[in-house]
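Raw contents of data.pdb, PDB, C-alpha atoms:
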```pdb
MODEL        1
ATOM      1  CA  MET A  17      89.565-162.076  44.830  1.00  0.00           C
ATOM      2  CA  GLU A  18      91.811-159.943  42.692  1.00  0.00           C
ATOM      3  CA  TYR A  19      90.722-156.426  41.808  1.00  0.00           C
ATOM      4  CA  ASP A  20      91.827-153.296  40.036  1.00  0.00           C
ATOM      5  CA  VAL A  21      90.451-149.771  40.255  1.00  0.00           C
ATOM      6  CA  ASP A  22      90.862-147.373  37.344  1.00  0.00           C
ATOM      7  CA  ALA A  23      90.015-143.669  37.636  1.00  0.00           C
ATOM      8  CA  ASP A  24      91.347-140.533  35.963  1.00  0.00           C
ATOM      9  CA  SER A  25      91.700-138.870  39.364  1.00  0.00           C
ATOM     10  CA  PRO A  26      94.522-140.352  41.499  1.00  0.00           C
ATOM     11  CA  LYS A  27      92.670-139.208  44.627  1.00  0.00           C
ATOM     12  CA  ILE A  28      89.509-141.123  43.667  1.00  0.00           C
ATOM     13  CA  GLU A  29      91.485-144.171  42.579  1.00  0.00           C
ATOM     14  CA  LYS A  30      93.450-144.296  45.828  1.00  0.00           C
ATOM     15  CA  PHE A  31      90.359-143.938  48.022  1.00  0.00           C
ATOM     16  CA  LEU A  32      88.235-146.511  46.178  1.00  0.00           C
ATOM     17  CA  THR A  33      91.181-148.926  46.054  1.00  0.00           C
ATOM     18  CA  SER A  34      91.595-148.586  49.825  1.00  0.00           C
ATOM     19  CA  LEU A  35      87.979-149.719  50.368  1.00  0.00           C
ATOM     20  CA  MET A  36      88.114-152.842  48.216  1.00  0.00           C
ATOM     21  CA  PRO A  37      89.853-155.243  50.655  1.00  0.00           C
ATOM     22  CA  SER A  38      87.219-154.536  53.312  1.00  0.00           C
ATOM     23  CA  PHE A  39      84.313-154.883  50.853  1.00  0.00           C
ATOM     24  CA  ILE A  40      85.719-158.173  49.566  1.00  0.00           C
ATOM     25  CA  GLU A  41      86.207-159.541  53.086  1.00  0.00           C
ATOM     26  CA  GLN A  42      82.814-158.368  54.386  1.00  0.00           C
ATOM     27  CA  LEU A  43      81.013-159.871  51.395  1.00  0.00           C
ATOM     28  CA  GLY A  44      82.762-163.239  51.709  1.00  0.00           C
ATOM     29  CA  LEU A  45      84.527-162.939  48.352  1.00  0.00           C
ATOM     30  CA  VAL A  46      88.126-163.447  49.499  1.00  0.00           C
ATOM     31  CA  ASN A  47      88.395-166.891  47.875  1.00  0.00           C
ATOM     32  CA  SER A  48      86.520-165.986  44.687  1.00  0.00           C
ATOM     33  CA  LYS A  49      88.551-166.948  41.635  1.00  0.00           C
ATOM     34  CA  ARG A  50      87.061-164.195  39.455  1.00  0.00           C
ATOM     35  CA  ALA A  51      88.547-160.723  39.401  1.00  0.00           C
ATOM     36  CA  VAL A  52      86.760-157.389  39.652  1.00  0.00           C
ATOM     37  CA  LEU A  53      87.647-154.415  37.502  1.00  0.00           C
ATOM     38  CA  VAL A  54      86.280-151.120  38.820  1.00  0.00           C
ATOM     39  CA  LYS A  55      86.206-148.340  36.242  1.00  0.00           C
ATOM     40  CA  VAL A  56      85.239-144.764  37.081  1.00  0.00           C
ATOM     41  CA  THR A  57      83.755-143.359  33.886  1.00  0.00           C
ATOM     42  CA  LYS A  58      81.655-140.544  32.472  1.00  0.00           C
ATOM     43  CA  ASP A  59      80.117-143.037  30.016  1.00  0.00           C
ATOM     44  CA  LEU A  60      77.083-144.015  32.079  1.00  0.00           C
ATOM     45  CA  GLU A  61      73.554-142.907  31.322  1.00  0.00           C
ATOM     46  CA  ASP A  62      72.342-139.931  33.352  1.00  0.00           C
ATOM     47  CA  ASP A  63      70.040-141.987  35.574  1.00  0.00           C
ATOM     48  CA  PHE A  64      72.787-144.502  36.492  1.00  0.00           C
ATOM     49  CA  GLN A  65      75.333-144.007  39.257  1.00  0.00           C
ATOM     50  CA  GLY A  66      76.818-147.456  38.792  1.00  0.00           C
ATOM     51  CA  ALA A  67      76.460-150.762  36.978  1.00  0.00           C
ATOM     52  CA  THR A  68      77.803-154.286  37.342  1.00  0.00           C
ATOM     53  CA  HIS A  69      78.444-156.599  34.418  1.00  0.00           C
ATOM     54  CA  ASN A  70      79.302-160.284  34.452  1.00  0.00           C
ATOM     55  CA  ILE A  71      82.018-160.634  31.793  1.00  0.00           C
ATOM     56  CA  GLU A  72      82.151-164.405  31.408  1.00  0.00           C
ATOM     57  CA  LEU A  73      84.544-164.320  28.448  1.00  0.00           C
ATOM     58  CA  ALA A  74      87.163-162.539  30.587  1.00  0.00           C
ATOM     59  CA  ASP A  75      86.128-164.447  33.748  1.00  0.00           C
ATOM     60  CA  CYS A  76      85.626-161.217  35.671  1.00  0.00           C
ATOM     61  CA  TYR A  77      83.106-158.689  36.876  1.00  0.00           C
ATOM     62  CA  LEU A  78      83.148-155.145  35.546  1.00  0.00           C
ATOM     63  CA  VAL A  79      81.891-152.475  37.939  1.00  0.00           C
ATOM     64  CA  LEU A  80      81.265-149.060  36.429  1.00  0.00           C
ATOM     65  CA  ILE A  81      81.020-146.010  38.691  1.00  0.00           C
ATOM     66  CA  LYS A  82      79.880-142.649  37.334  1.00  0.00           C
ATOM     67  CA  ALA A  83      82.626-140.036  37.491  1.00  0.00           C
ATOM     68  CA  PRO A  84      81.580-136.803  39.195  1.00  0.00           C
ATOM     69  CA  LYS A  85      81.494-133.486  37.388  1.00  0.00           C
ATOM     70  CA  ARG A  86      83.669-132.096  40.214  1.00  0.00           C
ATOM     71  CA  VAL A  87      85.820-134.029  42.675  1.00  0.00           C
ATOM     72  CA  THR A  88      84.723-133.016  46.168  1.00  0.00           C
ATOM     73  CA  PRO A  89      84.639-134.882  49.481  1.00  0.00           C
ATOM     74  CA  ILE A  90      80.881-135.391  48.973  1.00  0.00           C
ATOM     75  CA  SER A  91      81.243-136.698  45.413  1.00  0.00           C
ATOM     76  CA  ILE A  92      83.977-139.109  46.522  1.00  0.00           C
ATOM     77  CA  MET A  93      81.742-140.458  49.307  1.00  0.00           C
ATOM     78  CA  GLU A  94      78.864-140.821  46.836  1.00  0.00           C
ATOM     79  CA  MET A  95      81.124-142.890  44.566  1.00  0.00           C
ATOM     80  CA  ALA A  96      82.232-144.983  47.547  1.00  0.00           C
ATOM     81  CA  THR A  97      78.575-145.652  48.416  1.00  0.00           C
ATOM     82  CA  THR A  98      77.894-146.630  44.809  1.00  0.00           C
ATOM     83  CA  LEU A  99      80.921-148.941  44.853  1.00  0.00           C
ATOM     84  CA  ALA A 100      79.628-150.620  48.029  1.00  0.00           C
ATOM     85  CA  HIS A 101      76.225-151.071  46.343  1.00  0.00           C
ATOM     86  CA  GLU A 102      77.763-152.526  43.184  1.00  0.00           C
ATOM     87  CA  MET A 103      80.008-154.865  45.187  1.00  0.00           C
ATOM     88  CA  VAL A 104      76.849-156.350  46.731  1.00  0.00           C
ATOM     89  CA  HIS A 105      75.789-157.132  43.146  1.00  0.00           C
ATOM     90  CA  VAL A 106      79.188-158.761  42.569  1.00  0.00           C
ATOM     91  CA  ARG A 107      78.515-160.969  45.591  1.00  0.00           C
ATOM     92  CA  GLN A 108      75.017-161.813  44.312  1.00  0.00           C
ATOM     93  CA  LEU A 109      76.499-162.926  40.983  1.00  0.00           C
ATOM     94  CA  ALA A 110      79.483-164.730  42.507  1.00  0.00           C
ATOM     95  CA  LYS A 111      77.290-166.718  44.894  1.00  0.00           C
ATOM     96  CA  GLY A 112      74.687-167.491  42.197  1.00  0.00           C
ATOM     97  CA  ILE A 113      71.917-165.624  44.011  1.00  0.00           C
ATOM     98  CA  MET A 114      71.339-163.474  40.914  1.00  0.00           C
ATOM     99  CA  LYS A 115      71.865-164.552  37.325  1.00  0.00           C
ATOM    100  CA  PHE A 116      71.697-162.576  34.110  1.00  0.00           C
ATOM    101  CA  ALA A 117      69.743-163.958  31.153  1.00  0.00           C
ATOM    102  CA  PRO A 118      69.128-162.555  27.647  1.00  0.00           C
ATOM    103  CA  ASN A 119      66.724-159.641  27.040  1.00  0.00           C
ATOM    104  CA  GLU A 120      67.434-158.025  30.426  1.00  0.00           C
ATOM    105  CA  VAL A 121      65.853-160.947  32.283  1.00  0.00           C
ATOM    106  CA  ARG A 122      67.306-161.674  35.699  1.00  0.00           C
ATOM    107  CA  TYR A 123      66.864-164.588  38.049  1.00  0.00           C
ATOM    108  CA  TRP A 124      66.893-163.981  41.783  1.00  0.00           C
ATOM    109  CA  LYS A 125      67.019-167.106  43.928  1.00  0.00           C
ATOM    110  CA  GLY A 126      65.515-168.990  40.981  1.00  0.00           C
ATOM    111  CA  LYS A 127      62.632-166.597  40.376  1.00  0.00           C
ATOM    112  CA  ARG A 128      62.424-164.865  36.979  1.00  0.00           C
ATOM    113  CA  TYR A 129      62.195-161.049  36.728  1.00  0.00           C
ATOM    114  CA  THR A 130      61.815-159.073  33.503  1.00  0.00           C
ATOM    115  CA  LYS A 131      62.753-155.505  32.640  1.00  0.00           C
ATOM    116  CA  LYS A 132      59.147-154.562  33.420  1.00  0.00           C
ATOM    117  CA  THR A 133      59.900-154.972  37.134  1.00  0.00           C
ATOM    118  CA  LYS A 134      60.121-151.570  38.818  1.00  0.00           C
ATOM    119  CA  TYR A 135      63.589-150.677  40.050  1.00  0.00           C
ATOM    120  CA  LEU A 136      62.682-150.604  43.743  1.00  0.00           C
ATOM    121  CA  ASP A 137      60.750-153.875  43.410  1.00  0.00           C
ATOM    122  CA  MET A 138      63.872-155.718  42.252  1.00  0.00           C
ATOM    123  CA  PRO A 139      65.026-157.887  45.166  1.00  0.00           C
ATOM    124  CA  TRP A 140      68.699-157.586  44.180  1.00  0.00           C
ATOM    125  CA  GLU A 141      68.427-153.793  44.455  1.00  0.00           C
ATOM    126  CA  LEU A 142      66.692-153.970  47.837  1.00  0.00           C
ATOM    127  CA  ASP A 143      69.472-156.272  49.023  1.00  0.00           C
ATOM    128  CA  ALA A 144      72.189-153.892  47.755  1.00  0.00           C
ATOM    129  CA  PHE A 145      70.543-150.788  49.235  1.00  0.00           C
ATOM    130  CA  SER A 146      70.111-152.521  52.589  1.00  0.00           C
ATOM    131  CA  LYS A 147      73.841-153.378  52.779  1.00  0.00           C
ATOM    132  CA  GLN A 148      75.681-150.498  51.094  1.00  0.00           C
ATOM    133  CA  GLU A 149      75.812-148.084  54.039  1.00  0.00           C
ATOM    134  CA  ILE A 150      76.922-150.718  56.552  1.00  0.00           C
ATOM    135  CA  LEU A 151      79.616-151.994  54.172  1.00  0.00           C
ATOM    136  CA  LEU A 152      80.956-148.500  53.641  1.00  0.00           C
ATOM    137  CA  ARG A 153      80.908-147.522  57.315  1.00  0.00           C
ATOM    138  CA  ARG A 154      82.736-150.713  58.307  1.00  0.00           C
ATOM    139  CA  ALA A 155      85.301-150.202  55.539  1.00  0.00           C
ATOM    140  CA  ILE A 156      86.002-146.647  56.683  1.00  0.00           C
ATOM    141  CA  ASP A 157      86.096-147.618  60.360  1.00  0.00           C
ATOM    142  CA  THR A 158      88.782-150.247  59.656  1.00  0.00           C
ATOM    143  CA  LYS A 159      91.055-147.739  57.878  1.00  0.00           C
TER     144      LYS A 159
ENDMDL
END
```

structure tokens encoding of this file:
Amino acid sequence: MEYDVDADSPKIEKFLTSLMPSFIEQLGLVNSKRAVLVKVTKDLEDDFQGATHNIELADCYLVLIKAPKRVTPISIMEMATTLAHEMVHVRQLAKGIMKFAPNEVRYWKGKRYTKKTKYLDMPWELDAFSKQEILLRRAIDTK
């Protein structure tokens, strides 16, 4: 899987870029033909730390990570955790476990979920939260 990380801060960009090979390998995405573009941006709603979009037209996944107000070791680790979480969503999409449909409908393992589903009742979020810390720790341990 090809990837690119774009951030205004060279320090953030370098660190997040260094994690991507491990995330891709751990999540079984090495042979995926679609690319991932990771963009660190201030243009996310206040209650979002990250988001993953399936950009079919460009045959890629777009992962947005909220830029911190201040770059600190803690804020960089928070972004790394968010990136690990969002990369689990990339895996879910790449493997067909989760699918996007119109009107914010999602399918998880064939079951339909609407936007009325509470955030922590969404199985794709439970899956991502359960894996993000392990992914990140393994990525850092292999550095």

Kindly provide, as AutoDock Vina command-line options, the centre and edge lengths (Å, one decimal) of an axis-aligned box around all atoms of range 93-99 of chain A given in the file, with 3 Å on each side.
```
--center_x 80.1 --center_y -144.7 --center_z 46.9 --size_x 10.3 --size_y 14.5 --size_z 10.7
```

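Around Val121 in chain A, within 12 Å and counting all atoms listed in the file, the residues found are Met114, Lys115, Phe116, Ala117, Pro118, Trp124, Gly126, Lys127, Arg128, Tyr129, Thr130, Lys131, Lys132, Thr133 and Met138 of chain A, once anything fewer than 3 positions away on its own chain is removed.
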
Okay, now the selection with C-alpha atoms, as a PDB file, keeping the file's coordinate frame?
```
ATOM      1  CA  MET A 114      71.339-163.474  40.914  1.00  0.00           C
ATOM      2  CA  LYS A 115      71.865-164.552  37.325  1.00  0.00           C
ATOM      3  CA  PHE A 116      71.697-162.576  34.110  1.00  0.00           C
ATOM      4  CA  ALA A 117      69.743-163.958  31.153  1.00  0.00           C
ATOM      5  CA  PRO A 118      69.128-162.555  27.647  1.00  0.00           C
ATOM      6  CA  TRP A 124      66.893-163.981  41.783  1.00  0.00           C
ATOM      7  CA  GLY A 126      65.515-168.990  40.981  1.00  0.00           C
ATOM      8  CA  LYS A 127      62.632-166.597  40.376  1.00  0.00           C
ATOM      9  CA  ARG A 128      62.424-164.865  36.979  1.00  0.00           C
ATOM     10  CA  TYR A 129      62.195-161.049  36.728  1.00  0.00           C
ATOM     11  CA  THR A 130      61.815-159.073  33.503  1.00  0.00           C
ATOM     12  CA  LYS A 131      62.753-155.505  32.640  1.00  0.00           C
ATOM     13  CA  LYS A 132      59.147-154.562  33.420  1.00  0.00           C
ATOM     14  CA  THR A 133      59.900-154.972  37.134  1.00  0.00           C
ATOM     15  CA  MET A 138      63.872-155.718  42.252  1.00  0.00           C
TER      16      MET A 138
END
```

Checklist line | Given only C-alpha atoms as the counted atoms, nearest of A:Met95, A:Ile150, A:Ile71, A:Met103 to Met36 in chain A | finding: A:Met103

Notebook entry, point to check: Can you list what the PyMOL selection byres ((chain A and resi 111) around 12) grabs from this structure, as a list in words?
Noted result: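 This file gives the following for the PyMOL selection byres ((chain A and resi 111) around 12): Leu43, Gly44, Leu45, Asn47, Ser48, Lys49, Arg50, Val104, His105, Val106, Arg107, Gln108, Leu109, Ala110, Gly112, Ile113, Met114, Lys115, Trp124 and Lys125 of chain A.
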
Checklist line | Straight-line distance linking CA of Thr97 in chain A with CA of Glu61 in chain A, stated in Å to one decimal | finding: 18.0 Å

Next item on the list: Record the distance separating CA of Lys55 in chain A and CA of Leu78 in chain A, expressed in Å with one decimal.
Entry: 7.5 Å

Next item on the list: For Val79 in chain A, work out the shell of residues within 7 Å, counting only C-alpha atoms and skipping chain neighbours fewer than 4 positions away, then give it as a ChimeraX atom specification.
Entry: /A:53-55,67-69,102

Margin query: Measuring between only C-alpha atoms, which one of A:Leu35, A:Asn119, A:Thr88, A:Leu136 shows the shortest distance to Asp157 in chain A?
Written below: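 For Asp157 in chain A, the nearest of the given residues is A:Leu35.
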
Applied to this file, what does the PyMOL selection byres ((chain A and resi 76) around 6) return in terms of residues, put as a PDB file with C-alpha atoms, keeping the file's coordinate frame?
```pdb
ATOM      1  CA  ARG A  50      87.061-164.195  39.455  1.00  0.00           C
ATOM      2  CA  ALA A  51      88.547-160.723  39.401  1.00  0.00           C
ATOM      3  CA  VAL A  52      86.760-157.389  39.652  1.00  0.00           C
ATOM      4  CA  ILE A  71      82.018-160.634  31.793  1.00  0.00           C
ATOM      5  CA  ALA A  74      87.163-162.539  30.587  1.00  0.00           C
ATOM      6  CA  ASP A  75      86.128-164.447  33.748  1.00  0.00           C
ATOM      7  CA  TYR A  77      83.106-158.689  36.876  1.00  0.00           C
TER       8      TYR A  77
END
```

Next item on the list: Please evaluate the PyMOL selection byres ((chain A and resi 59) around 10) against the displayed coordinates and give the resulting residues as a ChimeraX atom specification.
Entry: /A:56-58,60-62,64,80-83

Next item on the list: Enter the distance from CA of Val87 in chain A to CA of Ser25 in chain A, in Å, rounded to one decimal.
Entry: 8.3 Å

Note to self: as JSON, numbers by chain, please: the residues near Lys30 in chain A (cut-off 10 Å, all atoms listed in the file, same-chain neighbours under 6 positions excluded).
What the structure shows: {"A": [21, 22, 23]}

Note to self: With distances taken over all atoms listed in the file, which residue among A:Ile156, A:Leu151, A:Ile92, A:Leu73 lies nearest Lys27 in chain A?
What the structure shows: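 Closest candidate: A:Ile92.
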
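The nearest approach to Gly66 in chain A among the residues A:Leu32, A:Leu99, A:Ala155, A:Leu142, with all atoms listed in the file taken into account, belongs to A:Leu99.
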
Check: For Ser34 in chain A, which residue out of A:Glu141, A:Asp63, A:Asp20, A:Glu149 is the nearest one, using all atoms listed in the file?
Finding: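 Comparing A:Glu141, A:Asp63, A:Asp20, A:Glu149 against Ser34 in chain A, the winner is A:Asp20.
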
Complete range 90-102 of chain A with N, CA, C and O atoms (output as a PDB file, keeping the file's coordinate frame).
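Written output follows (part.pdb):
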```
ATOM      1  N   ILE A  90      82.226-134.802  49.088  1.00  0.00           N
ATOM      2  CA  ILE A  90      80.881-135.391  48.973  1.00  0.00           C
ATOM      3  C   ILE A  90      80.798-136.303  47.759  1.00  0.00           C
ATOM      4  O   ILE A  90      80.273-137.422  47.844  1.00  0.00           O
ATOM      5  N   SER A  91      81.329-135.859  46.613  1.00  0.00           N
ATOM      6  CA  SER A  91      81.243-136.698  45.413  1.00  0.00           C
ATOM      7  C   SER A  91      82.064-137.981  45.573  1.00  0.00           C
ATOM      8  O   SER A  91      81.671-139.044  45.083  1.00  0.00           O
ATOM      9  N   ILE A  92      83.166-137.907  46.283  1.00  0.00           N
ATOM     10  CA  ILE A  92      83.977-139.109  46.522  1.00  0.00           C
ATOM     11  C   ILE A  92      83.211-140.089  47.414  1.00  0.00           C
ATOM     12  O   ILE A  92      83.216-141.295  47.169  1.00  0.00           O
ATOM     13  N   MET A  93      82.540-139.578  48.442  1.00  0.00           N
ATOM     14  CA  MET A  93      81.742-140.458  49.307  1.00  0.00           C
ATOM     15  C   MET A  93      80.554-141.054  48.556  1.00  0.00           C
ATOM     16  O   MET A  93      80.180-142.206  48.790  1.00  0.00           O
ATOM     17  N   GLU A  94      79.957-140.287  47.654  1.00  0.00           N
ATOM     18  CA  GLU A  94      78.864-140.821  46.836  1.00  0.00           C
ATOM     19  C   GLU A  94      79.362-141.962  45.953  1.00  0.00           C
ATOM     20  O   GLU A  94      78.692-142.991  45.812  1.00  0.00           O
ATOM     21  N   MET A  95      80.552-141.805  45.376  1.00  0.00           N
ATOM     22  CA  MET A  95      81.124-142.890  44.566  1.00  0.00           C
ATOM     23  C   MET A  95      81.442-144.100  45.429  1.00  0.00           C
ATOM     24  O   MET A  95      81.245-145.240  45.002  1.00  0.00           O
ATOM     25  N   ALA A  96      81.924-143.880  46.638  1.00  0.00           N
ATOM     26  CA  ALA A  96      82.232-144.983  47.547  1.00  0.00           C
ATOM     27  C   ALA A  96      80.954-145.743  47.912  1.00  0.00           C
ATOM     28  O   ALA A  96      80.952-146.978  47.979  1.00  0.00           O
ATOM     29  N   THR A  97      79.865-145.022  48.124  1.00  0.00           N
ATOM     30  CA  THR A  97      78.575-145.652  48.416  1.00  0.00           C
ATOM     31  C   THR A  97      78.108-146.466  47.220  1.00  0.00           C
ATOM     32  O   THR A  97      77.634-147.598  47.368  1.00  0.00           O
ATOM     33  N   THR A  98      78.264-145.904  46.026  1.00  0.00           N
ATOM     34  CA  THR A  98      77.894-146.630  44.809  1.00  0.00           C
ATOM     35  C   THR A  98      78.754-147.883  44.657  1.00  0.00           C
ATOM     36  O   THR A  98      78.248-148.952  44.299  1.00  0.00           O
ATOM     37  N   LEU A  99      80.041-147.769  44.941  1.00  0.00           N
ATOM     38  CA  LEU A  99      80.921-148.941  44.853  1.00  0.00           C
ATOM     39  C   LEU A  99      80.473-150.022  45.835  1.00  0.00           C
ATOM     40  O   LEU A  99      80.422-151.204  45.475  1.00  0.00           O
ATOM     41  N   ALA A 100      80.119-149.642  47.049  1.00  0.00           N
ATOM     42  CA  ALA A 100      79.628-150.620  48.029  1.00  0.00           C
ATOM     43  C   ALA A 100      78.372-151.310  47.483  1.00  0.00           C
ATOM     44  O   ALA A 100      78.244-152.542  47.551  1.00  0.00           O
ATOM     45  N   HIS A 101      77.464-150.539  46.922  1.00  0.00           N
ATOM     46  CA  HIS A 101      76.225-151.071  46.343  1.00  0.00           C
ATOM     47  C   HIS A 101      76.545-152.066  45.218  1.00  0.00           C
ATOM     48  O   HIS A 101      76.020-153.189  45.196  1.00  0.00           O
ATOM     49  N   GLU A 102      77.431-151.662  44.322  1.00  0.00           N
ATOM     50  CA  GLU A 102      77.763-152.526  43.184  1.00  0.00           C
ATOM     51  C   GLU A 102      78.517-153.785  43.630  1.00  0.00           C
ATOM     52  O   GLU A 102      78.358-154.854  43.035  1.00  0.00           O
TER      53      GLU A 102
END
```
